[in-house]
2 protein chains.
Amino acid sequence: MKARVTVTLKPSILDPQGKAIEGALKSLGVGGIASVRQGKIFEIEVEGGDKAKAEAALKQAADKLLANTVIENYRVEIE
Amino acid sequence: MKARVTVTLKPSILDPQGKAIEGALKSLGVGGIASVRQGKIFEIEVEGGDKAKAEAALKQAADKLLANTVIENYRVEIE
């Protein structure tokens, strides 16, 4: 089963990397970009066909390793 | 307008970072994970309401800066 965990900074946390990308896009002449925030995405192949079990495992993975829940939010999607 | 650019390694490119995460999840006792591949996600706020124009700007941004198209694929989604 394919799944995706998306990890993004919480809205209240500053994102200097995103700000740098914003500035770089402006210097490259790409117009119309108001703001950029960068996050991470994990494309995960889960064994077995039990959706509920897969979701539980992925949430555990995100809490333990993939996201720093003090400053980041995560979202689990299963296809 | 909110948009999202997702950048992932091409399937033929090895992902040592993903492999390391896979190993770490195993050591942490998170079971049922067959494989992990890591990518990047950019949450972008685009000025104006013209979808076609926004998509063109985002593709330009991805080609010029956000993705290395030799080894990475990207996907543009506009909400």
# chains A, B, ... in the order shown; residues from 1 in each chain; ligands from 1

$ select_by_dssp --residues "chain A" --states "strand (DSSP E)" --output "PyMOL selection string"
chain A and resi 2-9+33-46+72-78

$ calpha_fit_and_write --fixed "chain B" --moving "chain A" --output "compact mmCIF listing (two decimals) with N, CA and C atoms, in the first residue's frame"
# COMPACT_ATOMS: atom_id res chain seq x y z
N MET A 1 -3.71 32.93 -4.04
CA MET A 1 -4.00 31.55 -4.40
C MET A 1 -2.94 30.64 -3.80
N LYS A 2 -3.39 29.53 -3.21
CA LYS A 2 -2.41 28.60 -2.62
C LYS A 2 -2.01 27.54 -3.63
N ALA A 3 -0.75 27.20 -3.62
CA ALA A 3 -0.27 26.16 -4.52
C ALA A 3 0.78 25.31 -3.81
N ARG A 4 1.04 24.17 -4.39
CA ARG A 4 2.00 23.26 -3.80
C ARG A 4 2.87 22.66 -4.90
N VAL A 5 4.18 22.70 -4.72
CA VAL A 5 5.09 22.04 -5.66
C VAL A 5 5.77 20.90 -4.89
N THR A 6 5.58 19.68 -5.39
CA THR A 6 6.19 18.52 -4.74
C THR A 6 7.35 18.03 -5.61
N VAL A 7 8.52 17.90 -4.99
CA VAL A 7 9.71 17.47 -5.73
C VAL A 7 10.16 16.12 -5.17
N THR A 8 10.24 15.12 -6.04
CA THR A 8 10.67 13.79 -5.58
C THR A 8 11.77 13.27 -6.50
N LEU A 9 12.62 12.43 -5.96
CA LEU A 9 13.67 11.80 -6.77
C LEU A 9 13.03 10.92 -7.83
N LYS A 10 13.63 10.86 -9.00
CA LYS A 10 13.16 9.95 -10.04
C LYS A 10 13.29 8.51 -9.54
N PRO A 11 12.39 7.63 -9.96
CA PRO A 11 12.41 6.26 -9.44
C PRO A 11 13.74 5.54 -9.63
N SER A 12 14.47 5.89 -10.68
CA SER A 12 15.73 5.17 -10.95
C SER A 12 16.90 5.68 -10.09
N ILE A 13 16.69 6.79 -9.34
CA ILE A 13 17.77 7.37 -8.54
C ILE A 13 17.75 6.79 -7.13
N LEU A 14 18.89 6.32 -6.66
CA LEU A 14 18.98 5.79 -5.30
C LEU A 14 18.70 6.88 -4.27
N ASP A 15 18.07 6.51 -3.15
CA ASP A 15 17.75 7.47 -2.10
C ASP A 15 18.32 7.00 -0.76
N PRO A 16 19.60 7.29 -0.50
CA PRO A 16 20.23 6.82 0.74
C PRO A 16 19.56 7.38 2.00
N GLN A 17 19.03 8.61 1.90
CA GLN A 17 18.34 9.22 3.04
C GLN A 17 17.09 8.40 3.40
N GLY A 18 16.35 8.03 2.36
CA GLY A 18 15.16 7.19 2.59
C GLY A 18 15.54 5.85 3.20
N LYS A 19 16.63 5.27 2.71
CA LYS A 19 17.10 3.98 3.24
C LYS A 19 17.45 4.10 4.71
N ALA A 20 18.09 5.23 5.08
CA ALA A 20 18.47 5.45 6.48
C ALA A 20 17.23 5.56 7.36
N ILE A 21 16.21 6.26 6.85
CA ILE A 21 14.95 6.41 7.60
C ILE A 21 14.31 5.03 7.80
N GLU A 22 14.32 4.25 6.72
CA GLU A 22 13.78 2.88 6.77
C GLU A 22 14.45 2.09 7.90
N GLY A 23 15.79 2.14 7.93
CA GLY A 23 16.54 1.44 8.96
C GLY A 23 16.23 1.95 10.36
N ALA A 24 16.12 3.29 10.48
CA ALA A 24 15.85 3.89 11.78
C ALA A 24 14.47 3.47 12.28
N LEU A 25 13.50 3.42 11.38
CA LEU A 25 12.15 3.02 11.79
C LEU A 25 12.16 1.58 12.29
N LYS A 26 12.92 0.73 11.60
CA LYS A 26 13.02 -0.67 12.04
C LYS A 26 13.63 -0.73 13.44
N SER A 27 14.71 0.02 13.68
CA SER A 27 15.33 0.00 15.02
C SER A 27 14.40 0.56 16.08
N LEU A 28 13.53 1.50 15.69
CA LEU A 28 12.60 2.09 16.67
C LEU A 28 11.40 1.18 16.92
N GLY A 29 11.32 0.08 16.18
CA GLY A 29 10.23 -0.86 16.41
C GLY A 29 8.95 -0.53 15.68
N VAL A 30 9.03 0.38 14.67
CA VAL A 30 7.85 0.67 13.85
C VAL A 30 7.82 -0.36 12.73
N GLY A 31 6.85 -1.26 12.77
CA GLY A 31 6.83 -2.37 11.81
C GLY A 31 6.00 -2.08 10.58
N GLY A 32 6.12 -2.97 9.59
CA GLY A 32 5.25 -2.92 8.41
C GLY A 32 5.65 -1.91 7.35
N ILE A 33 6.83 -1.30 7.49
CA ILE A 33 7.27 -0.32 6.48
C ILE A 33 8.17 -1.03 5.47
N ALA A 34 7.77 -1.04 4.20
CA ALA A 34 8.55 -1.74 3.19
C ALA A 34 9.64 -0.84 2.60
N SER A 35 9.31 0.41 2.32
CA SER A 35 10.32 1.32 1.79
C SER A 35 9.93 2.77 2.01
N VAL A 36 10.95 3.63 2.08
CA VAL A 36 10.73 5.06 2.30
C VAL A 36 11.54 5.84 1.27
N ARG A 37 10.94 6.84 0.67
CA ARG A 37 11.69 7.78 -0.18
C ARG A 37 11.34 9.20 0.25
N GLN A 38 12.37 10.02 0.38
CA GLN A 38 12.10 11.37 0.86
C GLN A 38 12.09 12.38 -0.27
N GLY A 39 11.18 13.33 -0.17
CA GLY A 39 11.11 14.41 -1.14
C GLY A 39 10.90 15.75 -0.44
N LYS A 40 10.69 16.79 -1.25
CA LYS A 40 10.49 18.13 -0.69
C LYS A 40 9.14 18.65 -1.13
N ILE A 41 8.56 19.49 -0.30
CA ILE A 41 7.30 20.11 -0.68
C ILE A 41 7.41 21.61 -0.43
N PHE A 42 6.94 22.40 -1.39
CA PHE A 42 6.96 23.85 -1.26
C PHE A 42 5.53 24.35 -1.26
N GLU A 43 5.14 24.99 -0.17
CA GLU A 43 3.80 25.57 -0.09
C GLU A 43 3.93 27.04 -0.48
N ILE A 44 3.31 27.37 -1.60
CA ILE A 44 3.55 28.68 -2.21
C ILE A 44 2.25 29.46 -2.30
N GLU A 45 2.33 30.72 -1.90
CA GLU A 45 1.19 31.64 -2.02
C GLU A 45 1.44 32.47 -3.27
N VAL A 46 0.52 32.36 -4.25
CA VAL A 46 0.71 33.06 -5.52
C VAL A 46 -0.21 34.28 -5.56
N GLU A 47 0.34 35.39 -6.07
CA GLU A 47 -0.46 36.62 -6.19
C GLU A 47 -1.42 36.51 -7.37
N GLY A 48 -2.59 37.16 -7.27
CA GLY A 48 -3.54 37.23 -8.37
C GLY A 48 -4.39 35.97 -8.44
N GLY A 49 -5.37 35.96 -9.35
CA GLY A 49 -6.33 34.86 -9.39
C GLY A 49 -6.30 34.06 -10.67
N ASP A 50 -5.29 34.32 -11.52
CA ASP A 50 -5.23 33.64 -12.82
C ASP A 50 -4.49 32.30 -12.68
N LYS A 51 -5.26 31.20 -12.77
CA LYS A 51 -4.70 29.86 -12.54
C LYS A 51 -3.62 29.50 -13.57
N ALA A 52 -3.90 29.80 -14.84
CA ALA A 52 -2.96 29.42 -15.91
C ALA A 52 -1.64 30.16 -15.73
N LYS A 53 -1.74 31.45 -15.38
CA LYS A 53 -0.56 32.27 -15.17
C LYS A 53 0.24 31.75 -13.97
N ALA A 54 -0.50 31.39 -12.90
CA ALA A 54 0.14 30.87 -11.69
C ALA A 54 0.88 29.58 -12.00
N GLU A 55 0.23 28.70 -12.78
CA GLU A 55 0.85 27.42 -13.10
C GLU A 55 2.13 27.63 -13.92
N ALA A 56 2.08 28.57 -14.84
CA ALA A 56 3.26 28.86 -15.66
C ALA A 56 4.40 29.36 -14.78
N ALA A 57 4.08 30.26 -13.83
CA ALA A 57 5.11 30.81 -12.94
C ALA A 57 5.71 29.71 -12.06
N LEU A 58 4.84 28.81 -11.58
CA LEU A 58 5.32 27.75 -10.69
C LEU A 58 6.20 26.75 -11.43
N LYS A 59 5.82 26.45 -12.68
CA LYS A 59 6.64 25.53 -13.49
C LYS A 59 8.01 26.13 -13.75
N GLN A 60 8.01 27.45 -14.01
CA GLN A 60 9.27 28.17 -14.24
C GLN A 60 10.12 28.12 -12.96
N ALA A 61 9.47 28.34 -11.81
CA ALA A 61 10.17 28.30 -10.51
C ALA A 61 10.77 26.93 -10.27
N ALA A 62 10.00 25.88 -10.57
CA ALA A 62 10.47 24.52 -10.33
C ALA A 62 11.65 24.19 -11.25
N ASP A 63 11.53 24.58 -12.52
CA ASP A 63 12.59 24.29 -13.48
C ASP A 63 13.88 25.04 -13.15
N LYS A 64 13.73 26.31 -12.72
CA LYS A 64 14.90 27.15 -12.50
C LYS A 64 15.54 26.90 -11.16
N LEU A 65 14.74 26.59 -10.12
CA LEU A 65 15.28 26.62 -8.76
C LEU A 65 14.89 25.44 -7.88
N LEU A 66 13.61 25.09 -7.88
CA LEU A 66 13.14 24.16 -6.84
C LEU A 66 13.55 22.72 -7.08
N ALA A 67 13.64 22.32 -8.35
CA ALA A 67 13.96 20.93 -8.65
C ALA A 67 15.21 20.84 -9.51
N ASN A 68 15.97 19.78 -9.32
CA ASN A 68 17.06 19.46 -10.23
C ASN A 68 16.50 18.42 -11.19
N THR A 69 16.11 18.88 -12.39
CA THR A 69 15.35 18.00 -13.28
C THR A 69 16.17 16.86 -13.87
N VAL A 70 17.46 16.84 -13.60
CA VAL A 70 18.27 15.70 -14.04
C VAL A 70 17.92 14.46 -13.18
N ILE A 71 17.73 14.70 -11.89
CA ILE A 71 17.47 13.55 -10.99
C ILE A 71 16.12 13.62 -10.28
N GLU A 72 15.39 14.72 -10.45
CA GLU A 72 14.12 14.86 -9.73
C GLU A 72 12.93 15.14 -10.65
N ASN A 73 11.78 14.66 -10.22
CA ASN A 73 10.51 15.01 -10.87
C ASN A 73 9.79 16.03 -10.00
N TYR A 74 8.96 16.85 -10.62
CA TYR A 74 8.14 17.72 -9.78
C TYR A 74 6.68 17.71 -10.24
N ARG A 75 5.82 18.09 -9.31
CA ARG A 75 4.38 18.11 -9.58
C ARG A 75 3.85 19.43 -9.02
N VAL A 76 3.06 20.13 -9.83
CA VAL A 76 2.49 21.41 -9.40
C VAL A 76 1.00 21.21 -9.15
N GLU A 77 0.54 21.58 -7.96
CA GLU A 77 -0.90 21.52 -7.66
C GLU A 77 -1.37 22.91 -7.23
N ILE A 78 -2.48 23.35 -7.81
CA ILE A 78 -3.04 24.65 -7.42
C ILE A 78 -4.41 24.41 -6.81
N GLU A 79 -4.65 25.01 -5.65
CA GLU A 79 -5.92 24.77 -4.94
C GLU A 79 -7.04 25.68 -5.43

$ select_by_dssp --residues "region 31-69 of chain A" --states "alpha helix (DSSP H)" --output "VMD selection string"
chain A and resid 51 to 61

$ decode --residues "chain A" --atoms "C-alpha atoms" --output "compact mmCIF listing (two decimals), in the first residue's frame"
# COMPACT_ATOMS: atom_id res chain seq x y z
CA MET A 1 0.00 0.00 0.00
CA LYS A 2 1.33 3.44 -0.88
CA ALA A 3 1.20 6.23 1.65
CA ARG A 4 2.49 9.74 2.04
CA VAL A 5 3.50 11.66 5.16
CA THR A 6 3.80 15.41 4.68
CA VAL A 7 5.68 17.38 7.34
CA THR A 8 5.39 21.17 7.40
CA LEU A 9 6.47 23.85 9.85
CA LYS A 10 3.71 25.15 12.11
CA PRO A 11 2.34 28.48 10.85
CA SER A 12 3.77 30.37 13.83
CA ILE A 13 7.34 29.13 13.17
CA LEU A 14 9.59 31.30 11.00
CA ASP A 15 10.91 29.63 7.83
CA PRO A 16 14.20 31.27 6.77
CA GLN A 17 14.72 28.64 4.05
CA GLY A 18 11.39 29.56 2.48
CA LYS A 19 12.29 33.25 2.71
CA ALA A 20 15.58 32.57 0.91
CA ILE A 21 13.75 30.71 -1.87
CA GLU A 22 11.32 33.62 -2.15
CA GLY A 23 14.23 36.03 -2.58
CA ALA A 24 15.99 33.76 -5.08
CA LEU A 25 12.85 33.47 -7.20
CA LYS A 26 12.56 37.25 -7.27
CA SER A 27 16.19 37.60 -8.41
CA LEU A 28 15.61 34.94 -11.09
CA GLY A 29 12.73 37.00 -12.45
CA VAL A 30 9.93 34.59 -11.50
CA GLY A 31 7.10 36.97 -10.65
CA GLY A 32 3.82 36.70 -8.75
CA ILE A 33 5.12 34.66 -5.79
CA ALA A 34 3.88 36.08 -2.49
CA SER A 35 5.41 33.59 -0.07
CA VAL A 36 7.13 30.21 0.08
CA ARG A 37 7.34 27.69 2.92
CA GLN A 38 9.32 24.51 2.62
CA GLY A 39 8.37 21.13 4.01
CA LYS A 40 9.26 17.46 3.66
CA ILE A 41 7.38 14.62 2.08
CA PHE A 42 7.93 10.92 2.72
CA GLU A 43 6.64 8.43 0.17
CA ILE A 44 6.21 5.21 2.07
CA GLU A 45 5.38 1.71 0.89
CA VAL A 46 3.50 -0.11 3.67
CA GLU A 47 3.30 -3.90 3.91
CA GLY A 48 -0.11 -5.62 4.08
CA GLY A 49 -3.55 -4.31 3.17
CA ASP A 50 -4.96 -3.14 6.51
CA LYS A 51 -5.54 0.63 6.22
CA ALA A 52 -6.17 1.26 9.92
CA LYS A 53 -3.04 -0.65 10.90
CA ALA A 54 -1.00 1.21 8.27
CA GLU A 55 -2.26 4.57 9.50
CA ALA A 56 -1.37 3.69 13.09
CA ALA A 57 2.16 2.66 12.04
CA LEU A 58 2.64 5.83 10.00
CA LYS A 59 1.45 8.08 12.84
CA GLN A 60 3.88 6.30 15.16
CA ALA A 61 6.67 6.79 12.57
CA ALA A 62 5.87 10.49 12.23
CA ASP A 63 5.71 11.05 16.00
CA LYS A 64 8.91 9.13 16.72
CA LEU A 65 11.11 10.10 13.78
CA LEU A 66 9.76 11.96 10.77
CA ALA A 67 8.42 15.11 12.42
CA ASN A 68 9.52 17.29 15.30
CA THR A 69 6.07 17.87 16.76
CA VAL A 70 7.22 20.87 18.78
CA ILE A 71 7.64 22.95 15.61
CA GLU A 72 6.12 20.81 12.84
CA ASN A 73 2.73 19.48 11.81
CA TYR A 74 2.30 16.28 9.86
CA ARG A 75 -0.39 14.80 7.66
CA VAL A 76 -0.77 11.11 6.78
CA GLU A 77 -2.42 10.15 3.47
CA ILE A 78 -3.00 6.56 2.39
CA GLU A 79 -3.83 5.80 -1.24
